[in-house]
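Structure first, then comments.
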Amino acid sequence: MARRMTAWQPAVAALGLALGMVWPAHAGLFDDEEARKAILDLRQKVEANRQASEVTSQKLAEEVKRASDENVMLRRSLLDLQNQIETLRSELAASRGQQEQAARALSELQQRQKDLVTGVDERLRRFEPVKVTVDGQEFSVEPNEKRDFEAALATFRKGEFAPAQSAFADFVKRHPQSGYVPSALFWLGNAQYATRDYTGAIGNFRALLVRAPDHVRAPEAVLSIANCQIELKDTRAARKTLDDLVKAYPQSEAAVAAKDRLTRLR
(Lines give C-alpha, C1' and ligand atoms only; values in the text may rest on other atoms or scores of the structure.)
Protein backbone atom coordinates (compact mmCIF):
# COMPACT_ATOMS: atom_id res chain seq x y z
CA MET A 1 0.00 0.00 0.00
CA ALA A 2 1.38 3.24 -0.99
CA ARG A 3 2.36 5.62 1.83
CA ARG A 4 0.66 8.94 1.81
CA MET A 5 2.92 11.96 1.90
CA THR A 6 2.16 14.11 4.82
CA ALA A 7 2.13 17.84 4.72
CA TRP A 8 5.42 18.28 6.47
CA GLN A 9 7.31 15.79 4.32
CA PRO A 10 7.93 18.23 1.46
CA ALA A 11 9.33 20.66 3.91
CA VAL A 12 11.58 18.04 5.33
CA ALA A 13 12.70 17.11 1.85
CA ALA A 14 13.38 20.64 0.94
CA LEU A 15 15.37 21.09 4.11
CA GLY A 16 17.30 17.97 3.33
CA LEU A 17 18.02 19.23 -0.13
CA ALA A 18 19.13 22.52 1.25
CA LEU A 19 21.39 20.90 3.72
CA GLY A 20 22.84 18.75 1.01
CA MET A 21 23.72 21.82 -0.93
CA VAL A 22 25.08 23.74 2.08
CA TRP A 23 27.60 21.20 3.29
CA PRO A 24 29.66 21.03 0.15
CA ALA A 25 29.75 24.82 -0.13
CA HIS A 26 30.83 25.12 3.45
CA ALA A 27 33.60 22.62 2.89
CA GLY A 28 34.92 24.60 -0.10
CA LEU A 29 34.85 27.79 1.85
CA PHE A 30 36.84 26.20 4.62
CA ASP A 31 39.55 25.03 2.18
CA ASP A 32 40.02 28.60 0.76
CA GLU A 33 40.46 30.07 4.22
CA GLU A 34 43.17 27.57 5.04
CA ALA A 35 44.98 28.27 1.83
CA ARG A 36 44.66 32.00 2.34
CA LYS A 37 45.95 31.64 5.85
CA ALA A 38 48.84 29.53 4.64
CA ILE A 39 49.64 32.09 1.96
CA LEU A 40 49.52 34.88 4.52
CA ASP A 41 51.77 32.92 6.81
CA LEU A 42 54.14 32.27 3.93
CA ARG A 43 54.09 35.92 2.94
CA GLN A 44 54.77 36.89 6.52
CA LYS A 45 57.67 34.46 6.66
CA VAL A 46 59.00 35.71 3.33
CA GLU A 47 58.63 39.31 4.54
CA ALA A 48 60.28 38.39 7.81
CA ASN A 49 63.09 36.66 5.95
CA ARG A 50 63.38 39.65 3.61
CA GLN A 51 63.52 42.05 6.51
CA ALA A 52 65.99 39.81 8.32
CA SER A 53 68.04 39.61 5.12
CA GLU A 54 67.94 43.37 4.78
CA VAL A 55 69.00 43.77 8.41
CA THR A 56 71.73 41.22 7.88
CA SER A 57 72.80 42.92 4.65
CA GLN A 58 72.75 46.28 6.37
CA LYS A 59 74.76 44.95 9.26
CA LEU A 60 77.16 43.31 6.82
CA ALA A 61 77.44 46.54 4.88
CA GLU A 62 78.05 48.39 8.12
CA GLU A 63 80.68 45.84 9.12
CA VAL A 64 82.31 46.12 5.71
CA LYS A 65 82.23 49.93 5.94
CA ARG A 66 83.59 49.83 9.46
CA ALA A 67 86.31 47.41 8.39
CA SER A 68 87.07 49.64 5.42
CA ASP A 69 87.18 52.70 7.66
CA GLU A 70 89.40 50.88 10.13
CA ASN A 71 91.62 49.79 7.24
CA VAL A 72 91.89 53.40 6.06
CA MET A 73 92.67 54.54 9.60
CA LEU A 74 95.22 51.75 9.96
CA ARG A 75 96.87 52.78 6.68
CA ARG A 76 96.93 56.38 7.85
CA SER A 77 98.37 55.28 11.17
CA LEU A 78 101.02 53.23 9.36
CA LEU A 79 101.79 56.18 7.10
CA ASP A 80 102.03 58.50 10.10
CA LEU A 81 104.27 55.97 11.82
CA GLN A 82 106.49 55.74 8.75
CA ASN A 83 106.64 59.53 8.59
CA GLN A 84 107.58 59.63 12.26
CA ILE A 85 110.24 57.00 11.70
CA GLU A 86 111.66 58.96 8.76
CA THR A 87 111.57 62.13 10.85
CA LEU A 88 113.38 60.37 13.67
CA ARG A 89 115.92 59.01 11.21
CA SER A 90 116.45 62.49 9.81
CA GLU A 91 116.76 63.95 13.29
CA LEU A 92 119.15 61.17 14.27
CA ALA A 93 121.23 61.78 11.16
CA ALA A 94 121.17 65.49 11.84
CA SER A 95 122.11 64.83 15.45
CA ARG A 96 124.99 62.63 14.35
CA GLY A 97 126.04 65.31 11.91
CA GLN A 98 125.87 67.91 14.66
CA GLN A 99 127.85 65.63 16.95
CA GLU A 100 130.48 65.10 14.28
CA GLN A 101 130.55 68.82 13.58
CA ALA A 102 130.80 69.53 17.30
CA ALA A 103 133.61 66.97 17.59
CA ARG A 104 135.45 68.60 14.69
CA ALA A 105 134.90 72.04 16.19
CA LEU A 106 136.17 70.80 19.55
CA SER A 107 139.20 69.23 17.91
CA GLU A 108 139.93 72.43 16.00
CA LEU A 109 139.47 74.46 19.17
CA GLN A 110 141.82 72.18 21.08
CA GLN A 111 144.36 72.43 18.25
CA ARG A 112 144.07 76.23 18.21
CA GLN A 113 144.46 76.26 21.98
CA LYS A 114 147.52 74.03 21.67
CA ASP A 115 148.95 76.25 18.94
CA LEU A 116 148.21 79.31 21.05
CA VAL A 117 149.92 77.82 24.07
CA THR A 118 152.85 76.76 21.90
CA GLY A 119 153.00 80.24 20.40
CA VAL A 120 152.89 81.84 23.83
CA ASP A 121 155.61 79.49 25.03
CA GLU A 122 157.73 80.35 22.03
CA ARG A 123 157.20 84.07 22.57
CA LEU A 124 158.03 83.66 26.25
CA ARG A 125 161.14 81.72 25.33
CA ARG A 126 162.14 84.59 23.08
CA PHE A 127 162.25 86.83 26.13
CA GLU A 128 163.34 84.26 28.65
CA PRO A 129 167.01 84.54 29.70
CA VAL A 130 169.27 81.73 28.52
CA LYS A 131 172.60 80.54 29.81
CA VAL A 132 175.58 80.79 27.50
CA THR A 133 179.28 80.09 27.82
CA VAL A 134 181.64 82.40 25.91
CA ASP A 135 185.43 82.53 26.33
CA GLY A 136 185.14 80.27 29.39
CA GLN A 137 182.60 82.55 31.08
CA GLU A 138 179.07 81.30 31.85
CA PHE A 139 176.32 83.87 32.26
CA SER A 140 172.67 84.52 31.44
CA VAL A 141 171.58 86.78 28.59
CA GLU A 142 168.39 87.81 26.87
CA PRO A 143 167.64 85.98 23.61
CA ASN A 144 168.08 89.19 21.60
CA GLU A 145 171.54 89.71 23.13
CA LYS A 146 172.59 86.24 22.07
CA ARG A 147 171.20 86.79 18.59
CA ASP A 148 172.93 90.16 18.11
CA PHE A 149 176.31 88.98 19.42
CA GLU A 150 176.35 85.84 17.30
CA ALA A 151 175.35 87.83 14.22
CA ALA A 152 178.21 90.32 14.75
CA LEU A 153 180.71 87.51 15.32
CA ALA A 154 179.52 85.69 12.17
CA THR A 155 180.09 88.91 10.19
CA PHE A 156 183.64 89.19 11.57
CA ARG A 157 184.45 85.58 10.73
CA LYS A 158 183.36 86.19 7.12
CA GLY A 159 186.10 88.83 6.90
CA GLU A 160 183.60 91.69 6.70
CA PHE A 161 185.49 93.79 9.25
CA ALA A 162 183.89 97.18 8.71
CA PRO A 163 180.31 95.82 9.14
CA ALA A 164 181.54 93.73 12.08
CA GLN A 165 183.03 96.83 13.69
CA SER A 166 179.68 98.62 13.43
CA ALA A 167 177.81 95.57 14.71
CA PHE A 168 180.01 95.14 17.81
CA ALA A 169 180.03 98.86 18.56
CA ASP A 170 176.23 98.89 18.33
CA PHE A 171 176.02 95.81 20.55
CA VAL A 172 178.13 97.40 23.33
CA LYS A 173 176.01 100.55 23.11
CA ARG A 174 172.67 98.70 23.32
CA HIS A 175 173.74 96.07 25.90
CA PRO A 176 176.29 97.80 28.16
CA GLN A 177 175.66 95.39 31.09
CA SER A 178 175.70 92.20 29.04
CA GLY A 179 178.07 89.38 29.91
CA TYR A 180 179.04 89.47 26.24
CA VAL A 181 180.62 92.96 26.54
CA PRO A 182 184.25 91.89 27.31
CA SER A 183 184.25 89.53 24.32
CA ALA A 184 182.46 92.13 22.19
CA LEU A 185 185.15 94.73 23.07
CA PHE A 186 187.86 92.23 22.13
CA TRP A 187 186.36 91.52 18.69
CA LEU A 188 185.54 95.16 18.18
CA GLY A 189 189.22 96.02 18.77
CA ASN A 190 190.28 93.32 16.31
CA ALA A 191 187.84 94.60 13.68
CA GLN A 192 189.27 98.12 14.14
CA TYR A 193 192.80 96.76 13.88
CA ALA A 194 191.83 95.05 10.61
CA THR A 195 190.50 98.38 9.27
CA ARG A 196 193.66 100.17 10.57
CA ASP A 197 191.82 102.12 13.21
CA TYR A 198 194.63 101.49 15.67
CA THR A 199 193.80 104.26 18.10
CA GLY A 200 190.19 103.11 18.34
CA ALA A 201 191.35 99.52 18.78
CA ILE A 202 193.69 100.48 21.65
CA GLY A 203 190.79 102.24 23.39
CA ASN A 204 188.50 99.20 23.22
CA PHE A 205 191.22 96.74 24.26
CA ARG A 206 191.93 98.89 27.30
CA ALA A 207 188.21 99.08 28.05
CA LEU A 208 188.20 95.27 28.11
CA LEU A 209 191.10 95.23 30.59
CA VAL A 210 189.40 97.75 32.86
CA ARG A 211 186.10 95.88 32.85
CA ALA A 212 187.47 92.30 33.12
CA PRO A 213 191.23 92.16 33.87
CA ASP A 214 190.96 88.42 34.56
CA HIS A 215 189.12 87.68 31.33
CA VAL A 216 190.55 84.86 29.21
CA ARG A 217 191.01 87.36 26.37
CA ALA A 218 192.84 89.90 28.55
CA PRO A 219 196.42 88.72 27.68
CA GLU A 220 195.55 88.79 23.96
CA ALA A 221 194.09 92.27 24.41
CA VAL A 222 197.37 93.52 25.92
CA LEU A 223 199.35 91.96 23.08
CA SER A 224 196.99 93.56 20.56
CA ILE A 225 197.56 96.97 22.18
CA ALA A 226 201.30 96.50 21.69
CA ASN A 227 200.71 95.54 18.04
CA CYS A 228 198.66 98.69 17.50
CA GLN A 229 201.42 100.77 19.09
CA ILE A 230 203.95 99.15 16.79
CA GLU A 231 201.73 100.02 13.80
CA LEU A 232 201.62 103.59 15.11
CA LYS A 233 205.47 103.60 15.29
CA ASP A 234 205.34 104.06 19.07
CA THR A 235 208.04 101.50 19.86
CA ARG A 236 208.71 102.79 23.36
CA ALA A 237 205.07 102.39 24.36
CA ALA A 238 204.96 99.00 22.68
CA ARG A 239 207.96 97.73 24.71
CA LYS A 240 206.38 98.90 27.96
CA THR A 241 203.11 97.23 27.06
CA LEU A 242 204.89 93.98 26.27
CA ASP A 243 206.83 94.11 29.55
CA ASP A 244 203.57 94.67 31.45
CA LEU A 245 202.02 91.71 29.62
CA VAL A 246 204.86 89.35 30.64
CA LYS A 247 204.60 90.52 34.27
CA ALA A 248 200.78 90.43 34.48
CA TYR A 249 200.16 87.19 32.60
CA PRO A 250 203.44 85.24 32.70
CA GLN A 251 201.85 81.83 32.05
CA SER A 252 199.84 82.89 29.02
CA GLU A 253 200.62 82.14 25.38
CA ALA A 254 200.42 85.89 24.80
CA ALA A 255 203.35 86.34 27.23
CA VAL A 256 205.46 83.94 25.13
CA ALA A 257 204.64 85.98 22.01
CA ALA A 258 205.40 89.21 23.93
CA LYS A 259 208.89 87.97 24.86
CA ASP A 260 209.60 87.20 21.21
CA ARG A 261 208.39 90.68 20.19
CA LEU A 262 210.59 92.30 22.85
CA THR A 263 213.62 90.49 21.50
CA ARG A 264 212.98 91.85 18.05
CA LEU A 265 212.20 95.36 19.26
CA ARG A 266 215.44 95.76 21.26
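Ordering of the C-alpha coordinates sets the chain letters (A, B, ...), residue numbers begin anew at 1 in every chain, and ligands are numbered from 1 in the order given.
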
Residues at most 12 Å from Ser224 (chain A), counting only C-alpha atoms, excluding those fewer than 2 positions away in the same chain, as a short mmCIF file (atom, residue, chain, number, x, y, z; two decimals) with N, CA and C atoms, in the first residue's frame?
data_model
loop_
_atom_site.label_atom_id
_atom_site.label_comp_id
_atom_site.auth_asym_id
_atom_site.auth_seq_id
_atom_site.Cartn_x
_atom_site.Cartn_y
_atom_site.Cartn_z
N PHE A 186 186.69 92.88 22.72
CA PHE A 186 187.86 92.23 22.13
C PHE A 186 187.72 92.15 20.61
N TRP A 187 186.56 91.66 20.15
CA TRP A 187 186.36 91.52 18.69
C TRP A 187 186.18 92.87 18.01
N LEU A 188 185.64 93.81 18.74
CA LEU A 188 185.54 95.16 18.18
C LEU A 188 186.94 95.73 17.94
N GLY A 189 187.84 95.54 18.93
CA GLY A 189 189.22 96.02 18.77
C GLY A 189 189.91 95.34 17.60
N ASN A 190 189.67 94.04 17.43
CA ASN A 190 190.28 93.32 16.31
C ASN A 190 189.74 93.79 14.96
N ALA A 191 188.41 94.09 14.92
CA ALA A 191 187.84 94.60 13.68
C ALA A 191 188.43 95.97 13.34
N GLN A 192 188.66 96.80 14.37
CA GLN A 192 189.27 98.12 14.14
C GLN A 192 190.73 97.97 13.70
N TYR A 193 191.42 97.00 14.29
CA TYR A 193 192.80 96.76 13.88
C TYR A 193 192.86 96.36 12.41
N ALA A 194 191.86 95.51 11.99
CA ALA A 194 191.83 95.05 10.61
C ALA A 194 191.53 96.20 9.65
N TYR A 198 193.81 101.96 14.55
CA TYR A 198 194.63 101.49 15.67
C TYR A 198 194.31 102.21 16.96
N THR A 199 194.10 103.49 16.89
CA THR A 199 193.80 104.26 18.10
C THR A 199 192.48 103.79 18.71
N GLY A 200 191.47 103.61 17.84
CA GLY A 200 190.19 103.11 18.34
C GLY A 200 190.33 101.72 18.92
N ALA A 201 191.14 100.88 18.29
CA ALA A 201 191.35 99.52 18.78
C ALA A 201 191.98 99.53 20.16
N ILE A 202 193.02 100.39 20.34
CA ILE A 202 193.69 100.48 21.65
C ILE A 202 192.68 100.86 22.74
N GLY A 203 191.78 101.81 22.40
CA GLY A 203 190.79 102.24 23.39
C GLY A 203 189.87 101.11 23.80
N ASN A 204 189.42 100.29 22.88
CA ASN A 204 188.50 99.20 23.22
C ASN A 204 189.20 98.04 23.91
N PHE A 205 190.47 97.77 23.54
CA PHE A 205 191.22 96.74 24.26
C PHE A 205 191.43 97.14 25.72
N ARG A 206 191.75 98.41 25.93
CA ARG A 206 191.93 98.89 27.30
C ARG A 206 190.61 98.87 28.08
N LEU A 208 188.35 96.67 27.72
CA LEU A 208 188.20 95.27 28.11
C LEU A 208 188.99 95.00 29.37
N LEU A 209 190.23 95.48 29.44
CA LEU A 209 191.10 95.23 30.59
C LEU A 209 190.56 95.89 31.85
N ARG A 217 190.49 86.61 27.52
CA ARG A 217 191.01 87.36 26.37
C ARG A 217 191.91 88.53 26.79
N ALA A 218 192.06 88.75 28.08
CA ALA A 218 192.84 89.90 28.55
C ALA A 218 194.30 89.87 28.06
N PRO A 219 195.03 88.74 28.19
CA PRO A 219 196.42 88.72 27.68
C PRO A 219 196.50 89.05 26.19
N GLU A 220 195.57 88.51 25.40
CA GLU A 220 195.55 88.79 23.96
C GLU A 220 195.26 90.27 23.71
N ALA A 221 194.42 90.85 24.57
CA ALA A 221 194.09 92.27 24.41
C ALA A 221 195.34 93.13 24.64
N VAL A 222 196.14 92.76 25.66
CA VAL A 222 197.37 93.52 25.92
C VAL A 222 198.34 93.39 24.74
N ALA A 226 199.90 96.33 22.09
CA ALA A 226 201.30 96.50 21.69
C ALA A 226 201.41 96.49 20.17
N ASN A 227 200.67 95.60 19.51
CA ASN A 227 200.71 95.54 18.04
C ASN A 227 200.23 96.85 17.43
N CYS A 228 199.16 97.40 18.00
CA CYS A 228 198.66 98.69 17.50
C CYS A 228 199.71 99.79 17.68
N GLN A 229 200.37 99.75 18.83
CA GLN A 229 201.42 100.77 19.09
C GLN A 229 202.57 100.63 18.11
N ILE A 230 202.89 99.37 17.79
CA ILE A 230 203.95 99.15 16.79
C ILE A 230 203.52 99.71 15.45
N GLU A 231 202.24 99.48 15.07
CA GLU A 231 201.73 100.02 13.80
C GLU A 231 201.74 101.55 13.80
N ALA A 238 205.18 100.41 22.97
CA ALA A 238 204.96 99.00 22.68
C ALA A 238 205.81 98.12 23.59
N THR A 241 204.33 98.05 27.05
CA THR A 241 203.11 97.23 27.06
C THR A 241 203.46 95.76 27.07
N LEU A 242 204.48 95.38 26.31
CA LEU A 242 204.89 93.98 26.27
C LEU A 242 205.49 93.54 27.60
N LEU A 245 202.71 92.96 29.96
CA LEU A 245 202.02 91.71 29.62
C LEU A 245 202.74 90.52 30.24
N ALA A 254 200.15 84.52 25.21
CA ALA A 254 200.42 85.89 24.80
C ALA A 254 201.74 86.38 25.39
N ALA A 255 202.09 85.94 26.60
CA ALA A 255 203.35 86.34 27.23
C ALA A 255 204.52 85.77 26.44
N ALA A 257 204.55 85.16 23.21
CA ALA A 257 204.64 85.98 22.01
C ALA A 257 205.21 87.35 22.34
N ALA A 258 204.89 87.89 23.53
CA ALA A 258 205.40 89.21 23.93
C ALA A 258 206.92 89.17 24.11
N ARG A 261 208.49 89.32 20.76
CA ARG A 261 208.39 90.68 20.19
C ARG A 261 209.42 91.59 20.85
#

Identify, on the basis of only C-alpha atoms, every residue whose closest approach to Asp148 (chain A) does not exceed 8 Å; exclude the query and any residue fewer than 4 positions from it along the same chain; express the result as a ChimeraX atom specification. /A:144,152,171

Have a look at A:Ala162, A:Val72, A:Val130, A:Val141 and name the one nearest to Gln177 (chain A); count only C-alpha atoms.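 Nearest to Gln177 (chain A): A:Val141.
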
Please, which residues of region 10-253 of chain A, numbered as in this document, come out strand (DSSP E) from DSSP, as a ChimeraX atom specification? /A:130-134,137-141

Report, in Å to a single decimal, how far apart CA of Ala212 (chain A) and CA of Arg147 (chain A) are. 22.5 Å
